[in-house]
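Working notes for the structure below.
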2 protein chains.
Amino acid sequence: MPRPPKARDALLAAYRDLLVSEGERAATMDAVAARAGVSKGGLLYHFKSKDALAEALLDALRAAAAEDRRRMAEAPEGPSKYFVRTSVNSGTDMDAFFVAAVRLAQAGHEGALAALEELDAAWLALIRAEIEDPALATAVMLMGEGLYHYSSLAGAWPEKSFGTSLGELLGVVDRLRGV
Amino acid sequence: MPRPPKARDALLAAYRDLLVSEGERAATMDAVAARAGVSKGGLLYHFKSKDALAEALLDALRAAAAEDRRRMAEAPEGPSKYFVRTSVNSGTDMDAFFVAAVRLAQAGHEGALAALEELDAAWLALIRAEIEDPALATAVMLMGEGLYHYSSLAGAWPEKSFGTSLGELLGVVDRLRGV
DNA sequence: ATAACTGTACCGGCTGGACGGTATAGATAC
DNA sequence: GTATCTATACCGTCCAGCCGGTACAGTTAT
């Protein structure tokens, strides 16, 4: 048996992290290989083009998101609070892959746009299962999106500049559910 | 009197529109000049570097945002509903400049990040003037950010995929105000 | 008045470097 | 004996920034 490929995962993670922390422009082939500690030849061995790298990243996002949806559906606090709570960038794989895909989408990558729309539709469906009123469900969804937007820009939830803790925001979700 | 520079405005608008519709990567000096119908040399005459172009764009954003805040503070419907209503990309100068700045921030431009944080703080302050509860105010703010996030990706508010109209969302804001 | 000069607005070609991708020769683990 | 890499050289393209030049409006000296 040939030895298992460990460079592939390292390359994907390096690409993802570069997208998140430095932006699409800085995520060059050379930079990805260097960050992963892999030679450029090694990169091209696993991913024949830069777009192949992007496609693999979107596949990983879809897999991580499917896993996350299972947890969301079974969360004791309910899907809505789970969604809002995990919308602040908490450092999970999902978070990083999601933000990376946003970077790609903003750079004009059509596949990334489609993948993100898929994800949003699935999330909204889970929230609707708990909150029947469509407008309220959408409002909760948008709160989560806003949090993602924020932490994808600043790197974290800037609690101090808002003066509102995540816990208090979850309280708002409760109030919305009860309205 | 020297003849007035008309290329400068055209260049800024071209840069902004390219950032919004094609992404940061596509907004090259050549592309900006071509879109504005100006030569490369003409561009460099008005903006000595690409970063100077970005700085000018952020200045224009701040100006447009200050103007928008005046309207927001005086809106008969109240600042909160005004904010949410105008968070869907409606094609104003503010919207375009804002989305352009988001693109820059996501590409790692520090000045853009600072400008956006400034804007958000000012918006939140206006919302707080109407909605005293900090958590509720933040929730409204995040709804608006989520909408911006959405329309900056997809280009418009995807009402059909959400199944919720903007009017219904404004209804949620009313309910939040009354809670 | 008009020639000479000045500053602003703009043109378009060029260069050096970075980037995506190719190619190839070999090393290492299983 | 092959899948998984390393190392390095190379090519064509694209891009940011630079530079010499043009056009023209207004100013100054004569």
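Labeling convention for the structure tokens: chains A, B, ... as they appear, residues from 1 per chain, ligands from 1 in order of appearance.
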
Contact residues (chain B, partner chain A, 8 Å, only C-alpha atoms) as a ChimeraX atom specification: /B:22-25,103,105-108,113,121,124,134-136,138-140,142-147,149,153-154,161-165,168-169,172

Kindly assemble as a Markdown table a list of the chain C residues that lie within 8 Å of chain A, each paired with its nearest atom pair and their distance in Å to one decimal, using only C-alpha atoms (C1' of nucleotides), sorted first by chain and then by ascending residue number.
| residue | atom | partner | partner_atom | distance |
| --- | --- | --- | --- | --- |
| C:DC19 | C1' | A:Thr28 | CA | 7.4 |
| C:DG20 | C1' | A:Met29 | CA | 7.5 |
| C:DG21 | C1' | A:Ser49 | CA | 7.7 |
| C:DA29 | C1' | A:Arg3 | CA | 6.0 |
| C:DC30 | C1' | A:Pro2 | CA | 5.0 |

Selection: 8 Å around DC10 in chain C, only C-alpha atoms (C1' of nucleotides), excl. self and same-chain fewer than 4 positions, as a PyMOL selection string: chain B and resi 39+41-42+45

Chain D residues near chain A (9 Å cut-off, only C-alpha atoms (C1' of nucleotides)) as a list in words: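 That gives the following set of residues: DT2, DA3, DT4, DC5, DT6 and DA7 of chain D.
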
Selection: 10 Å around Phe98 in chain A, only C-alpha atoms (C1' of nucleotides), excl. self and same-chain fewer than 6 positions, as number ranges by chain: A: 16, 20, 57-58, 60-62, 64-65, 89, 92, 104, 112, 115-116, 119, 148, 152

For the residues in that selection, give me C-alpha atoms as an mmCIF file, in the first residue's frame.
data_model
loop_
_atom_site.group_PDB
_atom_site.id
_atom_site.type_symbol
_atom_site.label_atom_id
_atom_site.label_comp_id
_atom_site.auth_asym_id
_atom_site.auth_seq_id
_atom_site.Cartn_x
_atom_site.Cartn_y
_atom_site.Cartn_z
ATOM 1 C CA ARG A 16 -8.505 28.069 3.751
ATOM 2 C CA VAL A 20 -9.588 33.885 5.857
ATOM 3 C CA LEU A 57 -12.508 23.620 -0.430
ATOM 4 C CA LEU A 58 -16.199 23.886 -1.285
ATOM 5 C CA ALA A 60 -14.988 20.292 2.482
ATOM 6 C CA LEU A 61 -17.350 23.127 3.384
ATOM 7 C CA ARG A 62 -20.373 21.103 2.328
ATOM 8 C CA ALA A 64 -18.506 20.252 7.478
ATOM 9 C CA ALA A 65 -21.854 22.017 7.065
ATOM 10 C CA ASN A 89 -16.634 32.799 14.577
ATOM 11 C CA THR A 92 -14.441 25.503 14.194
ATOM 12 C CA LEU A 104 -14.197 33.266 -2.876
ATOM 13 C CA ALA A 112 -18.793 29.459 -4.003
ATOM 14 C CA ALA A 115 -22.624 26.653 -2.239
ATOM 15 C CA LEU A 116 -23.359 29.524 0.142
ATOM 16 C CA LEU A 119 -26.171 26.457 2.990
ATOM 17 C CA TYR A 148 -20.935 36.021 10.498
ATOM 18 C CA SER A 152 -15.484 37.471 9.120
#
